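To start, the structure itself, in structure tokens.
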2 protein chains.
Amino acid sequence: MVDYISLLKQNNLKATIQRTNILKSINRTGHITIDEIYEELKIDYPTLSLATIYKNILLMVQHGVIVEIPISGEKSKYEIKKDEHIHLICKSCGNIEDRELSSCNIDIEDFNIIFKQINLYGLCRNCQSK
Amino acid sequence: MVDYISLLKQNNLKATIQRTNILKSINRTGHITIDEIYEELKIDYPTLSLATIYKNILLMVQHGVIVEIPISGEKSKYEIKKDEHIHLICKSCGNIEDRELSSCNIDIEDFNIIFKQINLYGLCRNCQSK
DNA sequence: GTTGTTAATAAAAATTATTATCAAAAAAAG
DNA sequence: CTTTTTTTGATAATAATTTTTATTAACAAC
């Protein structure tokens with residue numbers, strides 16, 4: 001189990017109920033959209049405002065707690081920031097799977113890489129056999 | 001110079017003035033947002049509707065003429081579909097540069113890759129020396 | 001050329017997404 | 001405690017996108 005309170009504090013953010021719960025939703029699903037977070041959380045926290053989620057998502061991205069995953073033709077998803085990895089995005093079921101970034105050592109001279117975003121679109125094992 | 005009319009027809013789309021000019025904007029800049037296309041084209045075609053651009057961008061993406069480049073924290077840009085390559089996206093000036101996808105041979109078993117999207121965010125040569 | 005048919009466009013309306021404002025609540029500091 | 005700061009929720013405002021409708025363009029058949 002992840003300690004969201006420490007995670008937030010390490011990144012100079014106060015640990016509010018709203019924030020820890022947003023992180024819990026993100027972590028549980030792995031990757032999730034803002035709308036989905038809202039749908040999930042408003043069951044337990046009916047007064048939660050969508051604006052609060054937007055505000056905190058932006059804040060947590062700026063503070064490096066979470067990362068935006070922009071996806072072709074869809075709404076962005078968010079994930080907890082972690083070690084470098086790639087995304088296998090299924091065009092059929094929409095599921096996103098994380099994989100180690102091995103066998104791929106990109107090194108570009110004359111460009112100072114800050115972070116890599118590698119998304120592979122295709123069909124997951126499950127959807128291939130349909 | 002690219003023959004946009006043939007390009008459209010090859011992909012089962014009629015070659016209208018609007019479409020060829022959208023493609024011309026995309027090709028001239030390499031990568032461009034919908035808004036930027038609109039700003040550019042409405043100088044010469046003041047009656048052009050933004051909705052027409054949205055519609056045709058979507059259509060041309062679906063028909064494989066162009067490709068969406070979703071970018072973290074920004075609006076998507078579009079490029080003419082071409083051979084596999086990666087993007088070097090400068091966090092400072094926003095410029096996108098294409099590079100050969102060499103030295104990186106990703107092969108994932110149990111996932112059927114349709115296309116790869118590799119974006120490297122960082123600082124371009126120019127912005128490093130500032 | 002005119003007509004009919006089809007497809008594409010422009011303009012407008014409707015919808016959806018995102019951001020800003022601000023008073024109230026909560027948390028932190030003194 | 002009281003004060004100060006921060007966060008939240010509600011709402012309003014703005015921006016982005018999609019849908020609808022009316023008009024126009026293209027073009028084959030007459």
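Identifiers in the structure tokens: chain A, B, ... in order shown; residue index from 1 per chain; ligand index from 1 in order shown.
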
Contact table chain C vs chain A, cut-off 12 Å, shortest pair per residue, only C-alpha atoms (C1' of nucleotides), as a Markdown table:
```
| residue | atom | partner | partner_atom | distance |
| --- | --- | --- | --- | --- |
| C:DT16 | C1' | A:Asp35 | CA | 11.6 |
| C:DA17 | C1' | A:Asp35 | CA | 10.2 |
| C:DT18 | C1' | A:Tyr54 | CA | 8.1 |
| C:DT19 | C1' | A:Ala51 | CA | 8.6 |
| C:DA20 | C1' | A:Ala51 | CA | 10.3 |
| C:DA26 | C1' | A:Thr16 | CA | 9.7 |
| C:DA27 | C1' | A:Lys14 | CA | 9.4 |
| C:DA28 | C1' | A:Lys14 | CA | 10.5 |
```

Could I have chain A as a CSV table (one decimal) with N, CA and C atoms, in the first residue's frame after it is superimposed on chain B by least squares, pairing all C-alpha atoms in sequence order?
```csv
chain,number,residue,atom,x,y,z
A,1,MET,N,7.7,19.3,-53.6
A,1,MET,CA,6.3,19.7,-53.3
A,1,MET,C,5.4,18.5,-53.3
A,2,VAL,N,4.6,18.4,-52.3
A,2,VAL,CA,3.7,17.3,-52.1
A,2,VAL,C,2.5,17.4,-52.9
A,3,ASP,N,2.0,16.4,-53.5
A,3,ASP,CA,0.7,16.4,-54.2
A,3,ASP,C,-0.4,16.0,-53.3
A,4,TYR,N,-1.0,17.1,-52.7
A,4,TYR,CA,-2.1,16.8,-51.7
A,4,TYR,C,-3.3,16.2,-52.4
A,5,ILE,N,-3.5,16.5,-53.6
A,5,ILE,CA,-4.7,16.0,-54.3
A,5,ILE,C,-4.7,14.5,-54.4
A,6,SER,N,-3.5,14.0,-54.9
A,6,SER,CA,-3.3,12.6,-55.0
A,6,SER,C,-3.4,11.9,-53.6
A,7,LEU,N,-2.7,12.6,-52.6
A,7,LEU,CA,-2.7,12.0,-51.3
A,7,LEU,C,-4.1,11.8,-50.7
A,8,LEU,N,-5.0,12.8,-51.0
A,8,LEU,CA,-6.3,12.7,-50.5
A,8,LEU,C,-7.1,11.6,-51.2
A,9,LYS,N,-6.9,11.6,-52.6
A,9,LYS,CA,-7.6,10.6,-53.4
A,9,LYS,C,-7.2,9.2,-53.1
A,10,GLN,N,-5.9,9.0,-52.8
A,10,GLN,CA,-5.4,7.7,-52.5
A,10,GLN,C,-6.1,7.2,-51.2
A,11,ASN,N,-6.5,8.1,-50.4
A,11,ASN,CA,-7.1,7.7,-49.1
A,11,ASN,C,-8.7,7.9,-49.2
A,12,ASN,N,-9.2,7.8,-50.4
A,12,ASN,CA,-10.6,7.9,-50.6
A,12,ASN,C,-11.3,9.1,-50.0
A,13,LEU,N,-10.6,10.2,-50.2
A,13,LEU,CA,-11.2,11.5,-49.8
A,13,LEU,C,-11.2,12.5,-51.0
A,14,LYS,N,-12.2,13.2,-51.1
A,14,LYS,CA,-12.2,14.2,-52.2
A,14,LYS,C,-11.3,15.3,-51.9
A,15,ALA,N,-10.7,15.8,-52.9
A,15,ALA,CA,-9.7,16.9,-52.8
A,15,ALA,C,-10.4,18.3,-52.9
A,16,THR,N,-10.8,18.8,-51.7
A,16,THR,CA,-11.4,20.1,-51.8
A,16,THR,C,-10.4,21.2,-51.5
A,17,ILE,N,-10.7,22.4,-51.8
A,17,ILE,CA,-9.7,23.5,-51.5
A,17,ILE,C,-9.4,23.5,-50.0
A,18,GLN,N,-10.4,23.3,-49.2
A,18,GLN,CA,-10.2,23.4,-47.7
A,18,GLN,C,-9.2,22.3,-47.3
A,19,ARG,N,-9.4,21.1,-47.8
A,19,ARG,CA,-8.6,20.0,-47.4
A,19,ARG,C,-7.1,20.2,-47.9
A,20,THR,N,-7.0,20.6,-49.1
A,20,THR,CA,-5.6,20.7,-49.6
A,20,THR,C,-4.9,21.9,-48.8
A,21,ASN,N,-5.6,22.9,-48.5
A,21,ASN,CA,-5.0,24.0,-47.8
A,21,ASN,C,-4.7,23.6,-46.3
A,22,ILE,N,-5.5,22.8,-45.7
A,22,ILE,CA,-5.2,22.3,-44.4
A,22,ILE,C,-3.9,21.5,-44.4
A,23,LEU,N,-3.8,20.7,-45.4
A,23,LEU,CA,-2.6,19.9,-45.6
A,23,LEU,C,-1.4,20.7,-45.8
A,24,LYS,N,-1.6,21.8,-46.6
A,24,LYS,CA,-0.5,22.7,-46.9
A,24,LYS,C,0.0,23.3,-45.6
A,25,SER,N,-0.9,23.8,-44.8
A,25,SER,CA,-0.5,24.3,-43.5
A,25,SER,C,0.3,23.3,-42.6
A,26,ILE,N,-0.3,22.1,-42.6
A,26,ILE,CA,0.4,21.1,-41.8
A,26,ILE,C,1.8,20.8,-42.3
A,27,ASN,N,1.9,20.7,-43.6
A,27,ASN,CA,3.2,20.3,-44.2
A,27,ASN,C,4.2,21.4,-44.0
A,28,ARG,N,3.7,22.7,-44.2
A,28,ARG,CA,4.6,23.8,-44.1
A,28,ARG,C,5.3,23.9,-42.8
A,29,THR,N,4.5,23.7,-41.7
A,29,THR,CA,5.0,23.8,-40.3
A,29,THR,C,5.5,22.5,-39.8
A,30,GLY,N,5.2,21.4,-40.4
A,30,GLY,CA,5.6,20.2,-39.9
A,30,GLY,C,4.6,19.6,-38.8
A,31,HIS,N,4.3,20.5,-37.9
A,31,HIS,CA,3.4,20.1,-36.8
A,31,HIS,C,2.6,21.3,-36.4
A,32,ILE,N,1.3,21.2,-36.3
A,32,ILE,CA,0.5,22.4,-36.1
A,32,ILE,C,-0.8,22.1,-35.4
A,33,THR,N,-1.3,23.0,-34.6
A,33,THR,CA,-2.6,22.8,-33.9
A,33,THR,C,-3.8,23.3,-34.8
A,34,ILE,N,-5.0,22.9,-34.4
A,34,ILE,CA,-6.1,23.2,-35.1
A,34,ILE,C,-6.3,24.8,-35.2
A,35,ASP,N,-6.1,25.4,-34.0
A,35,ASP,CA,-6.3,26.8,-33.9
A,35,ASP,C,-5.3,27.5,-34.9
A,36,GLU,N,-4.1,27.0,-34.9
A,36,GLU,CA,-3.1,27.7,-35.7
A,36,GLU,C,-3.4,27.5,-37.2
A,37,ILE,N,-3.9,26.4,-37.6
A,37,ILE,CA,-4.4,26.2,-39.0
A,37,ILE,C,-5.4,27.2,-39.3
A,38,TYR,N,-6.4,27.4,-38.4
A,38,TYR,CA,-7.5,28.3,-38.6
A,38,TYR,C,-7.0,29.8,-38.8
A,39,GLU,N,-6.1,30.2,-37.9
A,39,GLU,CA,-5.5,31.5,-37.9
A,39,GLU,C,-4.8,31.8,-39.3
A,40,GLU,N,-4.1,30.7,-39.7
A,40,GLU,CA,-3.4,30.9,-40.9
A,40,GLU,C,-4.3,31.0,-42.1
A,41,LEU,N,-5.2,30.1,-42.2
A,41,LEU,CA,-6.0,30.0,-43.4
A,41,LEU,C,-7.1,31.0,-43.6
A,42,LYS,N,-7.5,31.6,-42.5
A,42,LYS,CA,-8.6,32.5,-42.6
A,42,LYS,C,-8.1,33.9,-43.2
A,43,ILE,N,-6.8,34.0,-43.2
A,43,ILE,CA,-6.3,35.2,-43.9
A,43,ILE,C,-6.6,35.2,-45.4
A,44,ASP,N,-6.3,34.0,-46.0
A,44,ASP,CA,-6.6,33.9,-47.4
A,44,ASP,C,-8.0,33.4,-47.7
A,45,TYR,N,-8.6,32.7,-46.7
A,45,TYR,CA,-10.0,32.3,-46.9
A,45,TYR,C,-10.9,32.7,-45.8
A,46,PRO,N,-11.3,34.0,-45.8
A,46,PRO,CA,-12.0,34.5,-44.7
A,46,PRO,C,-13.3,33.9,-44.3
A,47,THR,N,-13.9,33.2,-45.3
A,47,THR,CA,-15.2,32.5,-45.0
A,47,THR,C,-15.0,31.1,-44.4
A,48,LEU,N,-13.8,30.7,-44.4
A,48,LEU,CA,-13.5,29.3,-43.9
A,48,LEU,C,-14.0,29.2,-42.4
A,49,SER,N,-14.7,28.1,-42.2
A,49,SER,CA,-15.3,27.9,-40.8
A,49,SER,C,-14.4,27.0,-40.0
A,50,LEU,N,-14.3,27.3,-38.7
A,50,LEU,CA,-13.5,26.5,-37.8
A,50,LEU,C,-14.1,25.1,-37.8
A,51,ALA,N,-15.4,25.0,-37.8
A,51,ALA,CA,-16.0,23.7,-37.8
A,51,ALA,C,-15.6,22.8,-39.0
A,52,THR,N,-15.4,23.5,-40.1
A,52,THR,CA,-14.9,22.7,-41.3
A,52,THR,C,-13.5,22.1,-41.0
A,53,ILE,N,-12.7,22.9,-40.3
A,53,ILE,CA,-11.3,22.4,-40.0
A,53,ILE,C,-11.4,21.2,-39.0
A,54,TYR,N,-12.2,21.4,-38.0
A,54,TYR,CA,-12.4,20.3,-37.1
A,54,TYR,C,-12.9,19.0,-37.8
A,55,LYS,N,-13.9,19.2,-38.6
A,55,LYS,CA,-14.5,18.1,-39.3
A,55,LYS,C,-13.5,17.4,-40.2
A,56,ASN,N,-12.7,18.2,-41.0
A,56,ASN,CA,-11.8,17.6,-41.9
A,56,ASN,C,-10.5,17.0,-41.2
A,57,ILE,N,-10.1,17.6,-40.1
A,57,ILE,CA,-9.0,17.0,-39.4
A,57,ILE,C,-9.4,15.6,-38.9
A,58,LEU,N,-10.6,15.5,-38.3
A,58,LEU,CA,-11.1,14.3,-37.8
A,58,LEU,C,-11.2,13.2,-39.0
A,59,LEU,N,-11.7,13.7,-40.1
A,59,LEU,CA,-11.9,12.8,-41.2
A,59,LEU,C,-10.5,12.4,-41.8
A,60,MET,N,-9.6,13.3,-41.9
A,60,MET,CA,-8.3,12.9,-42.4
A,60,MET,C,-7.5,12.0,-41.5
A,61,VAL,N,-7.7,12.2,-40.2
A,61,VAL,CA,-7.1,11.3,-39.2
A,61,VAL,C,-7.7,9.9,-39.4
A,62,GLN,N,-9.0,9.8,-39.5
A,62,GLN,CA,-9.7,8.5,-39.7
A,62,GLN,C,-9.3,7.8,-41.0
A,63,HIS,N,-9.0,8.6,-42.0
A,63,HIS,CA,-8.6,8.0,-43.3
A,63,HIS,C,-7.1,7.8,-43.4
A,64,GLY,N,-6.3,8.1,-42.3
A,64,GLY,CA,-4.9,7.9,-42.3
A,64,GLY,C,-4.1,8.8,-43.1
A,65,VAL,N,-4.6,10.0,-43.4
A,65,VAL,CA,-3.8,11.0,-44.1
A,65,VAL,C,-2.9,11.8,-43.2
A,66,ILE,N,-3.4,12.1,-42.0
A,66,ILE,CA,-2.7,12.8,-41.0
A,66,ILE,C,-2.7,12.0,-39.7
A,67,VAL,N,-1.9,12.5,-38.8
A,67,VAL,CA,-1.8,11.8,-37.5
A,67,VAL,C,-1.8,12.8,-36.4
A,68,GLU,N,-2.5,12.5,-35.3
A,68,GLU,CA,-2.5,13.4,-34.1
A,68,GLU,C,-1.3,13.1,-33.3
A,69,ILE,N,-0.7,14.2,-32.8
A,69,ILE,CA,0.4,14.1,-31.8
A,69,ILE,C,-0.1,14.7,-30.5
A,70,PRO,N,-0.6,13.9,-29.6
A,70,PRO,CA,-1.0,14.5,-28.3
A,70,PRO,C,0.2,14.8,-27.5
A,71,ILE,N,0.1,16.0,-26.8
A,71,ILE,CA,1.3,16.5,-26.1
A,71,ILE,C,0.9,16.8,-24.6
A,72,SER,N,1.7,16.4,-23.7
A,72,SER,CA,1.5,16.7,-22.3
A,72,SER,C,1.3,18.2,-22.0
A,73,GLY,N,0.2,18.5,-21.4
A,73,GLY,CA,-0.1,19.9,-21.0
A,73,GLY,C,-0.4,20.8,-22.1
A,74,GLU,N,-0.5,20.4,-23.4
A,74,GLU,CA,-0.8,21.3,-24.5
A,74,GLU,C,-1.8,20.7,-25.4
A,75,LYS,N,-2.2,21.5,-26.4
A,75,LYS,CA,-3.2,21.0,-27.4
A,75,LYS,C,-2.5,20.1,-28.4
A,76,SER,N,-3.2,19.2,-28.9
A,76,SER,CA,-2.6,18.3,-29.9
A,76,SER,C,-2.2,19.0,-31.1
A,77,LYS,N,-1.1,18.5,-31.7
A,77,LYS,CA,-0.7,18.9,-33.0
A,77,LYS,C,-1.0,17.8,-34.0
A,78,TYR,N,-0.9,18.2,-35.3
A,78,TYR,CA,-1.1,17.2,-36.3
A,78,TYR,C,0.0,17.2,-37.3
A,79,GLU,N,0.3,16.1,-37.9
A,79,GLU,CA,1.3,16.0,-38.9
A,79,GLU,C,0.9,15.1,-40.1
A,80,ILE,N,1.5,15.3,-41.2
A,80,ILE,CA,1.2,14.4,-42.3
A,80,ILE,C,1.7,13.0,-41.9
A,81,LYS,N,1.0,12.0,-42.3
A,81,LYS,CA,1.4,10.6,-41.9
A,81,LYS,C,2.6,10.2,-42.8
A,82,LYS,N,3.6,9.8,-42.1
A,82,LYS,CA,4.8,9.4,-42.8
A,82,LYS,C,5.5,8.2,-42.1
A,83,ASP,N,6.7,7.9,-42.6
A,83,ASP,CA,7.4,6.8,-42.0
A,83,ASP,C,7.7,7.0,-40.5
A,84,GLU,N,7.8,5.9,-39.8
A,84,GLU,CA,8.0,5.9,-38.4
A,84,GLU,C,9.1,6.8,-38.0
A,85,HIS,N,8.9,7.6,-37.0
A,85,HIS,CA,9.9,8.6,-36.5
A,85,HIS,C,9.6,9.0,-35.1
A,86,ILE,N,10.5,9.6,-34.5
A,86,ILE,CA,10.2,10.1,-33.1
A,86,ILE,C,10.2,11.6,-33.1
A,87,HIS,N,9.6,12.2,-32.0
A,87,HIS,CA,9.5,13.6,-31.8
A,87,HIS,C,10.4,14.1,-30.7
A,88,LEU,N,11.2,15.1,-31.0
A,88,LEU,CA,11.9,15.8,-29.9
A,88,LEU,C,11.1,17.1,-29.7
A,89,ILE,N,10.5,17.1,-28.5
A,89,ILE,CA,9.7,18.3,-28.2
A,89,ILE,C,10.4,19.2,-27.1
A,90,CYS,N,10.6,20.4,-27.5
A,90,CYS,CA,11.3,21.3,-26.6
A,90,CYS,C,10.4,21.9,-25.6
A,91,LYS,N,10.7,21.7,-24.3
A,91,LYS,CA,9.8,22.2,-23.3
A,91,LYS,C,9.9,23.7,-23.2
A,92,SER,N,10.9,24.3,-23.8
A,92,SER,CA,11.1,25.7,-23.6
A,92,SER,C,10.5,26.5,-24.8
A,93,CYS,N,10.8,26.1,-26.0
A,93,CYS,CA,10.3,26.9,-27.1
A,93,CYS,C,9.1,26.2,-27.8
A,94,GLY,N,8.9,24.9,-27.4
A,94,GLY,CA,7.7,24.2,-28.0
A,94,GLY,C,7.9,23.6,-29.3
A,95,ASN,N,9.1,23.8,-29.9
A,95,ASN,CA,9.3,23.3,-31.2
A,95,ASN,C,9.4,21.8,-31.2
A,96,ILE,N,8.9,21.2,-32.3
A,96,ILE,CA,8.9,19.7,-32.5
A,96,ILE,C,9.8,19.4,-33.6
A,97,GLU,N,10.8,18.5,-33.4
A,97,GLU,CA,11.7,18.1,-34.5
A,97,GLU,C,11.5,16.6,-34.7
A,98,ASP,N,11.5,16.2,-35.9
A,98,ASP,CA,11.4,14.7,-36.2
A,98,ASP,C,12.8,14.2,-36.3
A,99,ARG,N,12.9,12.9,-35.8
A,99,ARG,CA,14.2,12.2,-36.0
A,99,ARG,C,13.9,10.8,-36.4
A,100,GLU,N,14.9,10.2,-37.0
A,100,GLU,CA,14.8,8.8,-37.4
A,100,GLU,C,14.7,8.0,-36.1
A,101,LEU,N,13.9,6.9,-36.2
A,101,LEU,CA,13.8,6.0,-35.1
A,101,LEU,C,14.8,4.9,-35.3
A,102,SER,N,16.1,5.2,-35.0
A,102,SER,CA,17.1,4.2,-35.1
A,102,SER,C,17.5,3.8,-33.7
A,103,SER,N,18.4,3.0,-33.5
A,103,SER,CA,19.0,2.6,-32.2
A,103,SER,C,17.9,2.2,-31.2
A,104,CYS,N,16.7,1.9,-31.7
A,104,CYS,CA,15.6,1.6,-30.8
A,104,CYS,C,14.7,0.6,-31.4
A,105,ASN,N,14.9,-0.7,-31.1
A,105,ASN,CA,14.1,-1.7,-31.7
A,105,ASN,C,13.2,-2.4,-30.7
A,106,ILE,N,12.1,-1.8,-30.5
A,106,ILE,CA,11.2,-2.3,-29.5
A,106,ILE,C,10.4,-3.5,-30.1
A,107,ASP,N,10.4,-4.6,-29.4
A,107,ASP,CA,9.6,-5.7,-29.8
A,107,ASP,C,9.0,-6.4,-28.6
A,108,ILE,N,7.7,-6.4,-28.6
A,108,ILE,CA,7.0,-6.9,-27.4
A,108,ILE,C,6.3,-8.1,-27.8
A,109,GLU,N,6.5,-9.2,-27.1
A,109,GLU,CA,5.7,-10.4,-27.4
A,109,GLU,C,4.4,-10.2,-26.7
A,110,ASP,N,3.4,-11.0,-27.2
A,110,ASP,CA,2.1,-11.0,-26.7
A,110,ASP,C,1.4,-9.6,-26.7
A,111,PHE,N,1.9,-8.7,-27.6
A,111,PHE,CA,1.2,-7.5,-27.8
A,111,PHE,C,1.4,-7.1,-29.3
A,112,ASN,N,0.3,-6.9,-30.0
A,112,ASN,CA,0.4,-6.7,-31.5
A,112,ASN,C,0.4,-5.2,-31.8
A,113,ILE,N,1.6,-4.7,-32.0
A,113,ILE,CA,1.8,-3.3,-32.2
A,113,ILE,C,1.3,-2.8,-33.5
A,114,ILE,N,0.4,-1.8,-33.4
A,114,ILE,CA,-0.1,-1.2,-34.7
A,114,ILE,C,0.7,0.1,-35.0
A,115,PHE,N,0.9,0.9,-34.1
A,115,PHE,CA,1.9,2.0,-34.3
A,115,PHE,C,2.5,2.5,-33.0
A,116,LYS,N,3.7,3.2,-33.2
A,116,LYS,CA,4.4,3.6,-32.0
A,116,LYS,C,4.4,5.1,-31.9
A,117,GLN,N,4.4,5.6,-30.7
A,117,GLN,CA,4.4,7.1,-30.5
A,117,GLN,C,5.5,7.4,-29.5
A,118,ILE,N,6.5,7.9,-30.0
A,118,ILE,CA,7.7,8.2,-29.1
A,118,ILE,C,8.0,9.6,-29.1
A,119,ASN,N,7.7,10.2,-28.0
A,119,ASN,CA,8.0,11.7,-27.8
A,119,ASN,C,9.0,11.9,-26.7
A,120,LEU,N,10.1,12.6,-27.1
A,120,LEU,CA,11.1,12.9,-26.1
A,120,LEU,C,11.0,14.4,-25.7
A,121,TYR,N,10.8,14.7,-24.5
A,121,TYR,CA,10.6,16.0,-24.0
A,121,TYR,C,12.0,16.5,-23.5
A,122,GLY,N,12.3,17.7,-23.8
A,122,GLY,CA,13.6,18.2,-23.3
A,122,GLY,C,13.9,19.6,-23.8
A,123,LEU,N,15.2,19.9,-23.9
A,123,LEU,CA,15.6,21.2,-24.4
A,123,LEU,C,16.4,21.0,-25.8
A,124,CYS,N,15.9,21.8,-26.7
A,124,CYS,CA,16.6,21.7,-28.0
A,124,CYS,C,18.0,22.4,-27.9
A,125,ARG,N,18.8,22.2,-28.9
A,125,ARG,CA,20.1,22.8,-28.9
A,125,ARG,C,20.1,24.3,-28.7
A,126,ASN,N,19.2,24.9,-29.3
A,126,ASN,CA,19.0,26.3,-29.3
A,126,ASN,C,18.7,26.8,-27.9
A,127,CYS,N,17.7,26.1,-27.2
A,127,CYS,CA,17.3,26.6,-25.9
A,127,CYS,C,18.3,26.2,-24.8
A,128,GLN,N,19.2,25.2,-25.1
A,128,GLN,CA,20.1,24.8,-24.1
A,128,GLN,C,21.1,25.9,-23.8
A,129,SER,N,21.4,26.7,-24.8
A,129,SER,CA,22.4,27.7,-24.7
A,129,SER,C,21.8,29.1,-24.3
A,130,LYS,N,20.8,29.0,-23.5
A,130,LYS,CA,20.2,30.3,-23.0
A,130,LYS,C,20.2,30.4,-21.5
```

Can you list, as a short mmCIF file (atom, residue, chain, number, x, y, z; two decimals) with N, CA and C atoms (P, O5', C5', C4', C3', O3' and C1' of nucleotides), in the first residue's frame, every protein, DNA or RNA residue that comes within 12 Å of DA23 (chain C) when you count only C-alpha atoms (C1' of nucleotides), leaving out same-chain residues fewer than 5 positions away?
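Produced file around13.cif, reproduced below:
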```cif
data_model
loop_
_atom_site.label_atom_id
_atom_site.label_comp_id
_atom_site.auth_asym_id
_atom_site.auth_seq_id
_atom_site.Cartn_x
_atom_site.Cartn_y
_atom_site.Cartn_z
P DT D 8 -8.23 20.66 -1.50
"O5'" DT D 8 -9.77 21.04 -1.36
"C5'" DT D 8 -10.43 20.83 -0.12
"C4'" DT D 8 -11.79 21.52 -0.16
"C3'" DT D 8 -12.66 21.11 -1.33
"O3'" DT D 8 -13.77 20.38 -0.82
"C1'" DT D 8 -12.66 23.49 -0.98
P DG D 9 -14.73 19.57 -1.80
"O5'" DG D 9 -15.88 20.63 -2.06
"C5'" DG D 9 -16.58 21.13 -0.92
"C4'" DG D 9 -17.62 22.13 -1.41
"C3'" DG D 9 -18.48 21.65 -2.58
"O3'" DG D 9 -19.80 22.10 -2.30
"C1'" DG D 9 -17.34 23.66 -3.19
P DA D 10 -21.04 21.66 -3.18
"O5'" DA D 10 -21.42 23.04 -3.87
"C5'" DA D 10 -21.64 24.18 -3.04
"C4'" DA D 10 -21.79 25.40 -3.94
"C3'" DA D 10 -22.60 25.14 -5.21
"O3'" DA D 10 -23.63 26.10 -5.26
"C1'" DA D 10 -20.53 26.17 -5.74
P DT D 11 -24.69 26.08 -6.45
"O5'" DT D 11 -24.13 27.22 -7.39
"C5'" DT D 11 -23.64 28.43 -6.80
"C4'" DT D 11 -22.88 29.21 -7.84
"C3'" DT D 11 -23.54 29.19 -9.23
"O3'" DT D 11 -23.87 30.52 -9.56
"C1'" DT D 11 -21.19 28.85 -9.37
#
```

Excluding DA12 (chain C) and residues on its chain fewer than 3 positions from it, collect all residues at most 10 Å away from it, counting only C-alpha atoms (C1' of nucleotides), and give them as JSON, numbers by chain. {"D": [20, 21, 22]}

Restricted to all heavy atoms, what would the selected residues look like written as a compact mmCIF listing (two decimals), in the first residue's frame?
```txt
# COMPACT_ATOMS: atom_id res chain seq x y z
P DT D 20 -27.50 15.86 -34.13
OP1 DT D 20 -28.59 15.24 -33.37
OP2 DT D 20 -26.81 15.11 -35.21
O5' DT D 20 -28.02 17.25 -34.72
C5' DT D 20 -28.34 18.29 -33.81
C4' DT D 20 -28.80 19.51 -34.61
O4' DT D 20 -27.65 20.27 -35.06
C3' DT D 20 -29.62 19.18 -35.86
O3' DT D 20 -30.81 19.95 -35.81
C2' DT D 20 -28.70 19.56 -37.02
C1' DT D 20 -27.83 20.63 -36.41
N1 DT D 20 -26.45 20.77 -36.98
C2 DT D 20 -25.98 22.04 -37.28
O2 DT D 20 -26.64 23.05 -37.13
N3 DT D 20 -24.70 22.06 -37.77
C4 DT D 20 -23.86 20.98 -37.99
O4 DT D 20 -22.74 21.14 -38.44
C5 DT D 20 -24.43 19.69 -37.66
C7 DT D 20 -23.60 18.47 -37.87
C6 DT D 20 -25.67 19.64 -37.17
P DT D 21 -31.96 19.76 -36.92
OP1 DT D 21 -33.24 19.92 -36.22
OP2 DT D 21 -31.66 18.56 -37.72
O5' DT D 21 -31.75 21.04 -37.85
C5' DT D 21 -31.58 22.32 -37.26
C4' DT D 21 -31.19 23.31 -38.34
O4' DT D 21 -29.77 23.19 -38.64
C3' DT D 21 -31.92 23.13 -39.67
O3' DT D 21 -32.50 24.37 -40.04
C2' DT D 21 -30.84 22.65 -40.62
C1' DT D 21 -29.59 23.27 -40.03
N1 DT D 21 -28.30 22.58 -40.33
C2 DT D 21 -27.22 23.35 -40.69
O2 DT D 21 -27.26 24.55 -40.78
N3 DT D 21 -26.07 22.64 -40.94
C4 DT D 21 -25.90 21.26 -40.86
O4 DT D 21 -24.82 20.75 -41.12
C5 DT D 21 -27.08 20.52 -40.49
C7 DT D 21 -27.01 19.04 -40.39
C6 DT D 21 -28.21 21.21 -40.24
P DA D 22 -33.38 24.51 -41.38
OP1 DA D 22 -34.58 25.28 -41.04
OP2 DA D 22 -33.48 23.19 -42.02
O5' DA D 22 -32.44 25.43 -42.27
C5' DA D 22 -31.76 26.52 -41.65
C4' DA D 22 -30.79 27.14 -42.65
O4' DA D 22 -29.61 26.30 -42.77
C3' DA D 22 -31.37 27.27 -44.06
O3' DA D 22 -30.93 28.52 -44.58
C2' DA D 22 -30.78 26.08 -44.81
C1' DA D 22 -29.43 25.91 -44.13
N9 DA D 22 -28.91 24.55 -44.10
C8 DA D 22 -29.58 23.38 -43.85
N7 DA D 22 -28.82 22.31 -43.88
C5 DA D 22 -27.56 22.80 -44.17
C6 DA D 22 -26.31 22.18 -44.34
N6 DA D 22 -26.12 20.86 -44.23
N1 DA D 22 -25.25 22.97 -44.63
C2 DA D 22 -25.43 24.29 -44.73
N3 DA D 22 -26.56 24.99 -44.59
C4 DA D 22 -27.60 24.18 -44.31
```

What is the C1' of DA10 (chain C)-C1' of DA25 (chain D) distance in Å, reported with one decimal? 12.4 Å

So which residues of region 31-110 of chain A fall under strand (DSSP E) by DSSP, listed as a list in words? Ile66, Val67, Glu68, Ile69, Lys77, Tyr78, Glu79, Ile80, His85, Ile86, His87, Leu88, Ile89, Cys90, Ile96, Glu97, Asp98, Arg99 and Glu100 of chain A

Using only C-alpha atoms (C1' of nucleotides), I'd like a table of the residues in chain D that come within 12 Å of chain B; for each, show the closest atom pair and its distance in Å rounded to one decimal, ordered by chain and ascending number, as CSV.
```
residue,atom,partner,partner_atom,distance
D:DA16,C1',B:Asp35,CA,10.6
D:DT17,C1',B:Tyr54,CA,8.3
D:DT18,C1',B:Ala51,CA,8.8
D:DT19,C1',B:Ala51,CA,10.5
D:DA25,C1',B:Thr16,CA,10.4
D:DA26,C1',B:Thr16,CA,10.4
```
